[in-house]
Structure formats: structure tokens, C-alpha cells
file entry.cif (mmCIF, N, CA and C atoms)
data_upload
#
loop_
_atom_site.label_atom_id
_atom_site.label_comp_id
_atom_site.auth_asym_id
_atom_site.auth_seq_id
_atom_site.Cartn_x
_atom_site.Cartn_y
_atom_site.Cartn_z
N MET Q 105 -62.21 28.88 -76.67
CA MET Q 105 -62.56 29.00 -75.26
C MET Q 105 -61.54 29.88 -74.55
N GLN Q 106 -62.02 30.92 -73.92
CA GLN Q 106 -61.12 31.82 -73.21
C GLN Q 106 -60.94 31.36 -71.77
N THR Q 107 -59.71 31.41 -71.32
CA THR Q 107 -59.39 31.03 -69.96
C THR Q 107 -58.93 32.25 -69.20
N LYS Q 108 -59.55 32.51 -68.08
CA LYS Q 108 -59.10 33.62 -67.25
C LYS Q 108 -57.90 33.17 -66.43
N GLY Q 109 -56.96 34.05 -66.31
CA GLY Q 109 -55.78 33.81 -65.50
C GLY Q 109 -55.31 35.15 -64.96
N PHE Q 110 -54.11 35.16 -64.42
CA PHE Q 110 -53.62 36.37 -63.77
C PHE Q 110 -52.15 36.59 -64.06
N ILE Q 111 -51.82 37.83 -64.37
CA ILE Q 111 -50.44 38.26 -64.29
C ILE Q 111 -50.26 38.66 -62.83
N TYR Q 112 -49.19 38.18 -62.23
CA TYR Q 112 -48.99 38.49 -60.82
C TYR Q 112 -47.64 39.19 -60.61
N ILE Q 113 -47.60 39.94 -59.52
CA ILE Q 113 -46.35 40.50 -59.01
C ILE Q 113 -46.17 39.88 -57.63
N PHE Q 114 -45.08 39.12 -57.45
CA PHE Q 114 -44.75 38.55 -56.16
C PHE Q 114 -43.53 39.28 -55.62
N THR Q 115 -43.51 39.44 -54.31
CA THR Q 115 -42.33 39.97 -53.63
C THR Q 115 -41.83 38.91 -52.67
N ASN Q 116 -40.61 39.09 -52.22
CA ASN Q 116 -40.03 38.18 -51.24
C ASN Q 116 -39.02 38.98 -50.43
N PRO Q 117 -39.18 39.00 -49.11
CA PRO Q 117 -38.24 39.77 -48.28
C PRO Q 117 -36.81 39.24 -48.33
N SER Q 118 -36.62 38.05 -48.89
CA SER Q 118 -35.28 37.49 -49.04
C SER Q 118 -34.46 38.28 -50.05
N PHE Q 119 -35.13 38.90 -51.01
CA PHE Q 119 -34.45 39.72 -52.01
C PHE Q 119 -35.36 40.88 -52.39
N LYS Q 120 -35.28 41.93 -51.57
CA LYS Q 120 -36.17 43.08 -51.72
C LYS Q 120 -35.92 43.87 -53.00
N GLU Q 121 -34.75 43.69 -53.62
CA GLU Q 121 -34.43 44.46 -54.81
C GLU Q 121 -35.07 43.89 -56.07
N TYR Q 122 -35.75 42.74 -55.95
CA TYR Q 122 -36.39 42.11 -57.10
C TYR Q 122 -37.88 41.87 -56.87
N VAL Q 123 -38.62 41.83 -57.98
CA VAL Q 123 -40.00 41.34 -57.97
C VAL Q 123 -40.08 40.21 -58.99
N LYS Q 124 -41.00 39.31 -58.76
CA LYS Q 124 -41.25 38.23 -59.72
C LYS Q 124 -42.54 38.58 -60.44
N ILE Q 125 -42.48 38.64 -61.76
CA ILE Q 125 -43.66 38.93 -62.57
C ILE Q 125 -43.92 37.71 -63.44
N GLY Q 126 -45.09 37.11 -63.28
CA GLY Q 126 -45.39 35.90 -64.02
C GLY Q 126 -46.87 35.76 -64.28
N TYR Q 127 -47.24 34.57 -64.75
CA TYR Q 127 -48.64 34.25 -65.06
C TYR Q 127 -49.03 33.00 -64.28
N ALA Q 128 -50.28 32.97 -63.83
CA ALA Q 128 -50.83 31.77 -63.19
C ALA Q 128 -52.31 31.69 -63.46
N ASP Q 129 -52.77 30.45 -63.70
CA ASP Q 129 -54.22 30.24 -63.78
C ASP Q 129 -54.84 30.46 -62.41
N ASN Q 130 -54.10 30.06 -61.36
CA ASN Q 130 -54.56 30.20 -59.99
C ASN Q 130 -53.37 30.74 -59.17
N VAL Q 131 -53.49 31.96 -58.71
CA VAL Q 131 -52.39 32.64 -58.02
C VAL Q 131 -52.05 31.95 -56.70
N GLU Q 132 -53.05 31.52 -55.95
CA GLU Q 132 -52.80 30.88 -54.67
C GLU Q 132 -52.02 29.57 -54.83
N ILE Q 133 -52.37 28.79 -55.86
CA ILE Q 133 -51.64 27.54 -56.11
C ILE Q 133 -50.20 27.84 -56.52
N ARG Q 134 -50.01 28.84 -57.37
CA ARG Q 134 -48.65 29.21 -57.79
C ARG Q 134 -47.82 29.66 -56.60
N LEU Q 135 -48.43 30.44 -55.72
CA LEU Q 135 -47.73 30.92 -54.53
C LEU Q 135 -47.31 29.73 -53.65
N LYS Q 136 -48.20 28.77 -53.48
CA LYS Q 136 -47.87 27.58 -52.69
C LYS Q 136 -46.73 26.79 -53.33
N GLN Q 137 -46.74 26.68 -54.66
CA GLN Q 137 -45.65 25.97 -55.35
C GLN Q 137 -44.30 26.61 -55.04
N LEU Q 138 -44.24 27.92 -55.17
CA LEU Q 138 -42.98 28.62 -54.91
C LEU Q 138 -42.58 28.53 -53.45
N ASN Q 139 -43.55 28.60 -52.56
CA ASN Q 139 -43.23 28.59 -51.14
C ASN Q 139 -42.96 27.19 -50.60
N ASN Q 140 -43.21 26.15 -51.40
CA ASN Q 140 -42.82 24.80 -51.01
C ASN Q 140 -41.34 24.55 -51.23
N LEU Q 141 -40.72 25.39 -52.07
CA LEU Q 141 -39.28 25.27 -52.31
C LEU Q 141 -38.54 25.74 -51.06
N GLU Q 142 -37.47 25.08 -50.74
CA GLU Q 142 -36.73 25.44 -49.53
C GLU Q 142 -35.49 26.27 -49.83
N CYS Q 143 -35.49 26.95 -50.96
CA CYS Q 143 -34.28 27.67 -51.37
C CYS Q 143 -34.29 29.15 -50.99
N THR Q 144 -35.35 29.63 -50.34
CA THR Q 144 -35.36 31.03 -49.91
C THR Q 144 -35.70 31.10 -48.42
N PRO Q 145 -35.04 32.01 -47.71
CA PRO Q 145 -35.28 32.10 -46.27
C PRO Q 145 -36.71 32.52 -45.91
N PHE Q 146 -37.31 33.37 -46.74
CA PHE Q 146 -38.66 33.86 -46.46
C PHE Q 146 -39.59 33.51 -47.62
N ALA Q 147 -40.87 33.52 -47.34
CA ALA Q 147 -41.89 33.15 -48.32
C ALA Q 147 -42.19 34.30 -49.29
N PHE Q 148 -42.62 33.91 -50.49
CA PHE Q 148 -43.14 34.88 -51.45
C PHE Q 148 -44.51 35.35 -50.97
N ARG Q 149 -44.88 36.55 -51.40
CA ARG Q 149 -46.24 37.03 -51.15
C ARG Q 149 -46.76 37.71 -52.39
N VAL Q 150 -48.08 37.74 -52.52
CA VAL Q 150 -48.71 38.40 -53.65
C VAL Q 150 -48.74 39.89 -53.38
N TYR Q 151 -48.16 40.66 -54.28
CA TYR Q 151 -48.22 42.11 -54.18
C TYR Q 151 -49.40 42.65 -54.98
N ALA Q 152 -49.57 42.12 -56.20
CA ALA Q 152 -50.68 42.58 -57.05
C ALA Q 152 -50.99 41.52 -58.10
N THR Q 153 -52.21 41.59 -58.61
CA THR Q 153 -52.62 40.71 -59.71
C THR Q 153 -53.42 41.53 -60.72
N TYR Q 154 -53.38 41.04 -61.95
CA TYR Q 154 -54.17 41.64 -63.03
C TYR Q 154 -54.80 40.49 -63.80
N GLU Q 155 -56.13 40.44 -63.80
CA GLU Q 155 -56.85 39.37 -64.48
C GLU Q 155 -56.78 39.56 -65.98
N VAL Q 156 -56.44 38.46 -66.68
CA VAL Q 156 -56.30 38.50 -68.14
C VAL Q 156 -57.12 37.38 -68.76
N GLU Q 157 -57.40 37.52 -70.04
CA GLU Q 157 -58.22 36.54 -70.77
C GLU Q 157 -57.39 35.52 -71.54
N GLU Q 158 -56.08 35.73 -71.59
CA GLU Q 158 -55.22 34.89 -72.41
C GLU Q 158 -54.12 34.27 -71.56
N ARG Q 159 -53.90 32.98 -71.71
CA ARG Q 159 -52.85 32.30 -70.95
C ARG Q 159 -51.47 32.78 -71.37
N LEU Q 160 -50.60 32.85 -70.40
CA LEU Q 160 -49.18 33.18 -70.60
C LEU Q 160 -48.95 34.53 -71.26
N ILE Q 161 -49.87 35.45 -71.09
CA ILE Q 161 -49.74 36.80 -71.65
C ILE Q 161 -48.59 37.56 -70.97
N ASP Q 162 -48.12 37.05 -69.84
CA ASP Q 162 -47.00 37.70 -69.15
C ASP Q 162 -45.75 37.76 -70.04
N LYS Q 163 -45.64 36.84 -71.00
CA LYS Q 163 -44.48 36.85 -71.91
C LYS Q 163 -44.42 38.16 -72.69
N LYS Q 164 -45.58 38.70 -73.05
CA LYS Q 164 -45.62 39.98 -73.76
C LYS Q 164 -45.18 41.12 -72.83
N LEU Q 165 -45.59 41.02 -71.57
CA LEU Q 165 -45.17 42.02 -70.59
C LEU Q 165 -43.66 41.93 -70.36
N HIS Q 166 -43.13 40.71 -70.25
CA HIS Q 166 -41.68 40.53 -70.10
C HIS Q 166 -40.96 41.16 -71.29
N SER Q 167 -41.46 40.93 -72.49
CA SER Q 167 -40.84 41.47 -73.70
C SER Q 167 -40.86 43.01 -73.66
N LEU Q 168 -41.96 43.59 -73.23
CA LEU Q 168 -42.06 45.05 -73.12
C LEU Q 168 -41.03 45.60 -72.14
N ILE Q 169 -40.93 45.00 -70.97
CA ILE Q 169 -39.96 45.45 -69.97
C ILE Q 169 -38.54 45.29 -70.52
N ASP Q 170 -38.28 44.15 -71.17
CA ASP Q 170 -36.94 43.92 -71.74
C ASP Q 170 -36.60 44.97 -72.79
N GLN Q 171 -37.59 45.40 -73.58
CA GLN Q 171 -37.34 46.43 -74.59
C GLN Q 171 -37.06 47.77 -73.95
N LEU Q 172 -37.77 48.08 -72.88
CA LEU Q 172 -37.58 49.36 -72.20
C LEU Q 172 -36.24 49.42 -71.48
N ASN Q 173 -35.89 48.30 -70.81
CA ASN Q 173 -34.61 48.25 -70.10
C ASN Q 173 -34.20 46.79 -69.90
N PRO Q 174 -33.38 46.26 -70.81
CA PRO Q 174 -33.00 44.84 -70.72
C PRO Q 174 -32.16 44.51 -69.49
N ASN Q 175 -31.64 45.51 -68.80
CA ASN Q 175 -30.81 45.27 -67.62
C ASN Q 175 -31.63 44.97 -66.36
N LEU Q 176 -32.95 45.09 -66.44
CA LEU Q 176 -33.77 44.85 -65.26
C LEU Q 176 -34.00 43.37 -64.99
N ARG Q 177 -33.96 42.53 -66.01
CA ARG Q 177 -34.27 41.11 -65.86
C ARG Q 177 -33.07 40.34 -65.31
N SER Q 178 -33.37 39.36 -64.46
CA SER Q 178 -32.35 38.48 -63.92
C SER Q 178 -31.97 37.44 -64.97
N ILE Q 179 -30.76 37.58 -65.49
CA ILE Q 179 -30.23 36.64 -66.48
C ILE Q 179 -28.82 36.27 -66.02
N GLU Q 180 -28.55 34.97 -65.98
CA GLU Q 180 -27.22 34.55 -65.57
C GLU Q 180 -26.79 33.32 -66.35
N ASN Q 181 -25.49 33.12 -66.39
CA ASN Q 181 -24.91 31.97 -67.05
C ASN Q 181 -24.47 30.99 -65.98
N VAL Q 182 -25.10 29.83 -65.95
CA VAL Q 182 -24.78 28.81 -64.95
C VAL Q 182 -24.32 27.56 -65.68
N GLY Q 183 -23.07 27.21 -65.50
CA GLY Q 183 -22.52 26.01 -66.13
C GLY Q 183 -22.65 26.02 -67.64
N GLY Q 184 -22.50 27.20 -68.24
CA GLY Q 184 -22.58 27.31 -69.69
C GLY Q 184 -23.99 27.44 -70.23
N LYS Q 185 -24.98 27.42 -69.36
CA LYS Q 185 -26.37 27.55 -69.78
C LYS Q 185 -26.93 28.89 -69.29
N VAL Q 186 -27.54 29.64 -70.20
CA VAL Q 186 -28.12 30.93 -69.84
C VAL Q 186 -29.49 30.70 -69.21
N ARG Q 187 -29.67 31.25 -68.01
CA ARG Q 187 -30.96 31.16 -67.31
C ARG Q 187 -31.63 32.53 -67.33
N VAL Q 188 -32.75 32.61 -68.00
CA VAL Q 188 -33.53 33.85 -68.06
C VAL Q 188 -34.70 33.67 -67.11
N ARG Q 189 -34.76 34.51 -66.10
CA ARG Q 189 -35.75 34.33 -65.05
C ARG Q 189 -36.86 35.40 -65.14
N GLU Q 190 -37.90 35.20 -64.36
CA GLU Q 190 -39.01 36.15 -64.31
C GLU Q 190 -38.84 37.15 -63.16
N PHE Q 191 -37.60 37.40 -62.78
CA PHE Q 191 -37.30 38.35 -61.71
C PHE Q 191 -36.77 39.63 -62.31
N TYR Q 192 -37.25 40.76 -61.79
CA TYR Q 192 -36.87 42.07 -62.30
C TYR Q 192 -36.38 42.95 -61.17
N ALA Q 193 -35.29 43.65 -61.42
CA ALA Q 193 -34.71 44.57 -60.45
C ALA Q 193 -35.51 45.88 -60.49
N MET Q 194 -36.59 45.87 -59.75
CA MET Q 194 -37.44 47.05 -59.63
C MET Q 194 -38.25 46.93 -58.35
N SER Q 195 -38.77 48.02 -57.91
CA SER Q 195 -39.60 47.99 -56.70
C SER Q 195 -40.98 47.45 -57.06
N PRO Q 196 -41.69 46.92 -56.08
CA PRO Q 196 -43.07 46.47 -56.35
C PRO Q 196 -43.95 47.62 -56.86
N GLU Q 197 -43.67 48.82 -56.37
CA GLU Q 197 -44.44 49.98 -56.82
C GLU Q 197 -44.22 50.26 -58.30
N GLN Q 198 -42.98 50.11 -58.75
CA GLN Q 198 -42.68 50.31 -60.18
C GLN Q 198 -43.37 49.24 -61.03
N ALA Q 199 -43.31 47.99 -60.58
CA ALA Q 199 -43.96 46.91 -61.32
C ALA Q 199 -45.47 47.15 -61.36
N TYR Q 200 -46.04 47.57 -60.24
CA TYR Q 200 -47.48 47.84 -60.18
C TYR Q 200 -47.84 48.97 -61.14
N SER Q 201 -47.01 49.98 -61.21
CA SER Q 201 -47.26 51.11 -62.11
C SER Q 201 -47.35 50.65 -63.56
N ILE Q 202 -46.49 49.70 -63.95
CA ILE Q 202 -46.54 49.15 -65.31
C ILE Q 202 -47.86 48.43 -65.54
N LEU Q 203 -48.25 47.58 -64.59
CA LEU Q 203 -49.53 46.86 -64.73
C LEU Q 203 -50.71 47.83 -64.74
N GLU Q 204 -50.62 48.85 -63.90
CA GLU Q 204 -51.69 49.84 -63.83
C GLU Q 204 -51.85 50.56 -65.17
N THR Q 205 -50.74 50.92 -65.79
CA THR Q 205 -50.77 51.59 -67.08
C THR Q 205 -51.41 50.68 -68.14
N ILE Q 206 -51.03 49.41 -68.14
CA ILE Q 206 -51.61 48.45 -69.08
C ILE Q 206 -53.10 48.31 -68.85
N ALA Q 207 -53.51 48.25 -67.57
CA ALA Q 207 -54.93 48.13 -67.23
C ALA Q 207 -55.71 49.35 -67.72
N ILE Q 208 -55.17 50.53 -67.50
CA ILE Q 208 -55.84 51.76 -67.92
C ILE Q 208 -55.93 51.83 -69.44
N LEU Q 209 -54.80 51.55 -70.13
CA LEU Q 209 -54.80 51.59 -71.58
C LEU Q 209 -55.76 50.56 -72.18
N GLY Q 210 -55.89 49.42 -71.52
CA GLY Q 210 -56.79 48.37 -72.01
C GLY Q 210 -58.23 48.57 -71.57
N GLY Q 211 -58.47 49.59 -70.75
CA GLY Q 211 -59.83 49.86 -70.27
C GLY Q 211 -60.33 48.85 -69.25
N HIS Q 212 -59.40 48.23 -68.50
CA HIS Q 212 -59.79 47.20 -67.54
C HIS Q 212 -59.18 47.44 -66.16
N SER Q 213 -59.25 48.66 -65.67
CA SER Q 213 -58.69 48.98 -64.36
C SER Q 213 -59.32 48.13 -63.25
N GLU Q 214 -60.56 47.71 -63.45
CA GLU Q 214 -61.25 46.92 -62.42
C GLU Q 214 -60.63 45.54 -62.24
N ARG Q 215 -59.82 45.11 -63.18
CA ARG Q 215 -59.17 43.79 -63.10
C ARG Q 215 -57.87 43.82 -62.29
N LEU Q 216 -57.43 45.01 -61.94
CA LEU Q 216 -56.17 45.19 -61.22
C LEU Q 216 -56.44 45.15 -59.72
N ASN Q 217 -55.65 44.38 -58.99
CA ASN Q 217 -55.87 44.22 -57.56
C ASN Q 217 -54.55 44.33 -56.81
N LEU Q 218 -54.45 45.31 -55.93
CA LEU Q 218 -53.29 45.47 -55.06
C LEU Q 218 -53.61 44.75 -53.75
N TRP Q 219 -52.78 43.79 -53.37
CA TRP Q 219 -53.04 42.96 -52.19
C TRP Q 219 -52.39 43.58 -50.97
N GLU Q 220 -53.10 43.53 -49.86
CA GLU Q 220 -52.55 43.98 -48.58
C GLU Q 220 -51.83 42.81 -47.92
N PRO Q 221 -50.64 43.05 -47.36
CA PRO Q 221 -49.95 41.94 -46.70
C PRO Q 221 -50.71 41.51 -45.43
N SER Q 222 -50.70 40.22 -45.18
CA SER Q 222 -51.30 39.71 -43.96
C SER Q 222 -50.37 40.08 -42.79
N ALA Q 223 -50.85 39.91 -41.58
CA ALA Q 223 -50.03 40.20 -40.40
C ALA Q 223 -48.78 39.33 -40.40
N LYS Q 224 -48.93 38.07 -40.79
CA LYS Q 224 -47.79 37.14 -40.84
C LYS Q 224 -46.77 37.59 -41.89
N GLU Q 225 -47.26 38.01 -43.06
CA GLU Q 225 -46.36 38.48 -44.12
C GLU Q 225 -45.63 39.75 -43.69
N GLN Q 226 -46.36 40.66 -43.04
CA GLN Q 226 -45.74 41.90 -42.58
C GLN Q 226 -44.67 41.62 -41.53
N LYS Q 227 -44.95 40.66 -40.65
CA LYS Q 227 -43.98 40.28 -39.63
C LYS Q 227 -42.71 39.72 -40.27
N ALA Q 228 -42.86 38.88 -41.31
CA ALA Q 228 -41.71 38.32 -42.03
C ALA Q 228 -40.91 39.43 -42.71
N GLU Q 229 -41.59 40.39 -43.31
CA GLU Q 229 -40.90 41.51 -43.95
C GLU Q 229 -40.13 42.34 -42.94
N ASP Q 230 -40.75 42.58 -41.77
CA ASP Q 230 -40.07 43.33 -40.72
C ASP Q 230 -38.84 42.58 -40.22
N LEU Q 231 -38.97 41.26 -40.04
CA LEU Q 231 -37.84 40.44 -39.60
C LEU Q 231 -36.72 40.47 -40.63
N ALA Q 232 -37.06 40.34 -41.90
CA ALA Q 232 -36.04 40.38 -42.96
C ALA Q 232 -35.32 41.72 -42.95
N GLN Q 233 -36.05 42.80 -42.72
CA GLN Q 233 -35.44 44.14 -42.66
C GLN Q 233 -34.49 44.24 -41.47
N GLU Q 234 -34.90 43.72 -40.32
CA GLU Q 234 -34.03 43.73 -39.14
C GLU Q 234 -32.74 42.96 -39.39
N ILE Q 235 -32.87 41.79 -40.01
CA ILE Q 235 -31.70 40.97 -40.32
C ILE Q 235 -30.77 41.71 -41.26
N ALA Q 236 -31.33 42.35 -42.28
CA ALA Q 236 -30.52 43.11 -43.24
C ALA Q 236 -29.79 44.25 -42.54
N GLU Q 237 -30.48 44.95 -41.66
CA GLU Q 237 -29.85 46.07 -40.94
C GLU Q 237 -28.75 45.58 -40.02
N GLU Q 238 -28.97 44.45 -39.34
CA GLU Q 238 -27.93 43.88 -38.47
C GLU Q 238 -26.72 43.46 -39.29
N HIS Q 239 -26.95 42.92 -40.47
CA HIS Q 239 -25.86 42.51 -41.35
C HIS Q 239 -25.03 43.73 -41.76
N ILE Q 240 -25.70 44.80 -42.10
CA ILE Q 240 -25.01 46.04 -42.50
C ILE Q 240 -24.18 46.57 -41.33
N GLU Q 241 -24.74 46.53 -40.11
CA GLU Q 241 -24.01 46.99 -38.94
C GLU Q 241 -22.75 46.15 -38.70
N ARG Q 242 -22.88 44.83 -38.88
CA ARG Q 242 -21.72 43.95 -38.68
C ARG Q 242 -20.64 44.22 -39.73
N GLN Q 243 -21.05 44.65 -40.92
CA GLN Q 243 -20.08 44.93 -41.98
C GLN Q 243 -19.30 46.22 -41.72
N SER Q 244 -19.87 47.11 -40.92
CA SER Q 244 -19.24 48.42 -40.67
C SER Q 244 -18.08 48.34 -39.71
#
call {"tool": "encode", "arguments": {"input": "entry.cif", "output": "C-alpha cells"}}
result
Amino acid sequence: MQTKGFIYIFTNPSFKEYVKIGYADNVEIRLKQLNNLECTPFAFRVYATYEVEERLIDKKLHSLIDQLNPNLRSIENVGGKVRVREFYAMSPEQAYSILETIAILGGHSERLNLWEPSAKEQKAEDLAQEIAEEHIERQS
């Protein structure tokens, strides 16, 4: 039995230098799970999704990115334990380009979806940018 799911690209204005690339059976539920956590100042948003037929296929995508440039993935040692995360130091456009290439090579471009930010999401991104700029000014 094949299960449809999605590889997703999430962004967060709290850390613009990273994107989160993962898998979810239901993207909206996954987004709510992440946004229920109180550890980030701003909410995650969906940047893009790619519908897939196989669960957890994002692991293959992670492996591909790691082979191309292992320095892009967020890996840290916390209390003697290595934490390998699904965050990559790349722009959302770069992450989308990787998914787009996979979609084209697989002959499934129609499964790729670039999401437009809602007015609320755009407002949060603008606020995060203002805060970052004010912080830079205070540092000068």
C-alpha cells in the first residue's frame, strides 16, 4: 500500500539563514506541531512541498545534500551527544531548486508546490527583518 506524503521546506524568520527540510504525511499538522513549541520567537511557514509516494523519503534527500556539502546541515554536540538536525544553511530558493531538479528528473513537476506567504506570515517576516536591522544598528 502506497502512502502519499510530502517533502517540505519550512522557513522561519527567527533564523533566516536556515531552512528545515523534512517529511510529513500531513504538512499542516506538522506545521502546527512545530509552531506549538515555544522555543522560537516567530512561527514556521511552509515555503514549498513536493508530494511523494514513499514515507520518509526525505532521508534520501538529506543524504544527497550531505554528500554534496556536509557543512550545510546543522550538527552540534550537546552534552556529549551529537544532534543531527533537519536544518540546512541555505536559502529557501536554493532548497526549492534542489526539489525542483528532483521533480523534473523524476517526471513529476506537477507535484511541486511553491506556497505564497499569508499576510500574517509576511508581516512576521517583515517584523523579524526590522528587529534584525535594529540589532545590527545597536551593534555599530
call {"tool": "atom_distance", "arguments": {"input": "entry.cif", "atom1": "atom C of Ile133 (chain Q)", "atom2": "atom C of Val182 (chain Q)"}}
result
27.5 Å
call {"tool": "resolve_selection", "arguments": {"input": "entry.cif", "expression": "the PyMOL selection byres (((chain Q and resi 214 and name CA) around 12) and name CA)", "output": "list in words"}}
result
Thr153, Tyr154, Glu155, Val156, Leu203, Glu204, Ile206, Ala207, Ile208, Gly210, Gly211, His212, Ser213, Arg215, Leu216, Asn217 and Leu218 of chain Q
call {"tool": "select_by_dssp", "arguments": {"input": "entry.cif", "residues": "region 115-179 of chain Q", "states": "strand (DSSP E)", "output": "compact mmCIF listing (two decimals) with N, CA and C atoms, keeping the file's coordinate frame"}}
result
# COMPACT_ATOMS: atom_id res chain seq x y z
N THR Q 115 -43.51 39.44 -54.31
CA THR Q 115 -42.33 39.97 -53.63
C THR Q 115 -41.83 38.91 -52.67
N VAL Q 123 -38.62 41.83 -57.98
CA VAL Q 123 -40.00 41.34 -57.97
C VAL Q 123 -40.08 40.21 -58.99
N LYS Q 124 -41.00 39.31 -58.76
CA LYS Q 124 -41.25 38.23 -59.72
C LYS Q 124 -42.54 38.58 -60.44
N ILE Q 125 -42.48 38.64 -61.76
CA ILE Q 125 -43.66 38.93 -62.57
C ILE Q 125 -43.92 37.71 -63.44
N GLY Q 126 -45.09 37.11 -63.28
CA GLY Q 126 -45.39 35.90 -64.02
C GLY Q 126 -46.87 35.76 -64.28
N TYR Q 127 -47.24 34.57 -64.75
CA TYR Q 127 -48.64 34.25 -65.06
C TYR Q 127 -49.03 33.00 -64.28
N ALA Q 128 -50.28 32.97 -63.83
CA ALA Q 128 -50.83 31.77 -63.19
C ALA Q 128 -52.31 31.69 -63.46
N ARG Q 149 -44.88 36.55 -51.40
CA ARG Q 149 -46.24 37.03 -51.15
C ARG Q 149 -46.76 37.71 -52.39
N VAL Q 150 -48.08 37.74 -52.52
CA VAL Q 150 -48.71 38.40 -53.65
C VAL Q 150 -48.74 39.89 -53.38
N TYR Q 151 -48.16 40.66 -54.28
CA TYR Q 151 -48.22 42.11 -54.18
C TYR Q 151 -49.40 42.65 -54.98
N ALA Q 152 -49.57 42.12 -56.20
CA ALA Q 152 -50.68 42.58 -57.05
C ALA Q 152 -50.99 41.52 -58.10
N THR Q 153 -52.21 41.59 -58.61
CA THR Q 153 -52.62 40.71 -59.71
C THR Q 153 -53.42 41.53 -60.72
N TYR Q 154 -53.38 41.04 -61.95
CA TYR Q 154 -54.17 41.64 -63.03
C TYR Q 154 -54.80 40.49 -63.80
N GLU Q 155 -56.13 40.44 -63.80
CA GLU Q 155 -56.85 39.37 -64.48
C GLU Q 155 -56.78 39.56 -65.98
N VAL Q 156 -56.44 38.46 -66.68
CA VAL Q 156 -56.30 38.50 -68.14
C VAL Q 156 -57.12 37.38 -68.76
N ARG Q 177 -33.96 42.53 -66.01
CA ARG Q 177 -34.27 41.11 -65.86
C ARG Q 177 -33.07 40.34 -65.31
N SER Q 178 -33.37 39.36 -64.46
CA SER Q 178 -32.35 38.48 -63.92
C SER Q 178 -31.97 37.44 -64.97
N ILE Q 179 -30.76 37.58 -65.49
CA ILE Q 179 -30.23 36.64 -66.48
C ILE Q 179 -28.82 36.27 -66.02
call {"tool": "select_by_dssp", "arguments": {"input": "entry.cif", "residues": "region 155-229 of chain Q", "states": "alpha helix (DSSP H)", "output": "count of residues only"}}
result
32
call {"tool": "atom_distance", "arguments": {"input": "entry.cif", "atom1": "atom N of Phe114 (chain Q)", "atom2": "atom N of Ile235 (chain Q)"}}
result
21.5 Å
call {"tool": "atom_distance", "arguments": {"input": "entry.cif", "atom1": "CA of Ile161 (chain Q)", "atom2": "CA of Ile111 (chain Q)"}}
result
7.5 Å
call {"tool": "closest_residue", "arguments": {"input": "entry.cif", "among": "Q:Glu158, Q:Ala152, Q:Val131, Q:Leu138", "to": "Lys108 (chain Q)", "atoms": "only N, CA and C atoms"}}
result
Q:Glu158
call {"tool": "resolve_selection", "arguments": {"input": "entry.cif", "expression": "the PyMOL selection byres ((chain Q and resi 150) around 8)", "output": "PyMOL selection string"}}
result
chain Q and resi 112-116+131+135+147-149+151-153+218-221
call {"tool": "residues_around", "arguments": {"input": "entry.cif", "residues": "region 172-179 of chain Q", "least_positions_apart": "5", "cutoff": "7 Å", "atoms": "only N, CA and C atoms", "output": "MDAnalysis selection string"}}
result
chainID Q and resid 167 186:194
call {"tool": "axis_aligned_box", "arguments": {"input": "entry.cif", "around": "region 172-181 of chain Q", "padding_each_side": "8 Å", "output": "AutoDock Vina command-line options"}}
result
--center_x -31.1 --center_y 40.2 --center_z -68.4 --size_x 29.3 --size_y 34.4 --size_z 25.0
call {"tool": "closest_residue", "arguments": {"input": "entry.cif", "among": "Q:Thr144, Q:Glu157, Q:Lys163, Q:Ser195", "to": "Gly126 (chain Q)", "atoms": "only N, CA and C atoms"}}
result
Q:Lys163
call {"tool": "closest_residue", "arguments": {"input": "entry.cif", "among": "Q:Pro145, Q:Gln198, Q:Gln171, Q:Lys224", "to": "Pro117 (chain Q)", "atoms": "all atoms listed in the file"}}
result
Q:Pro145
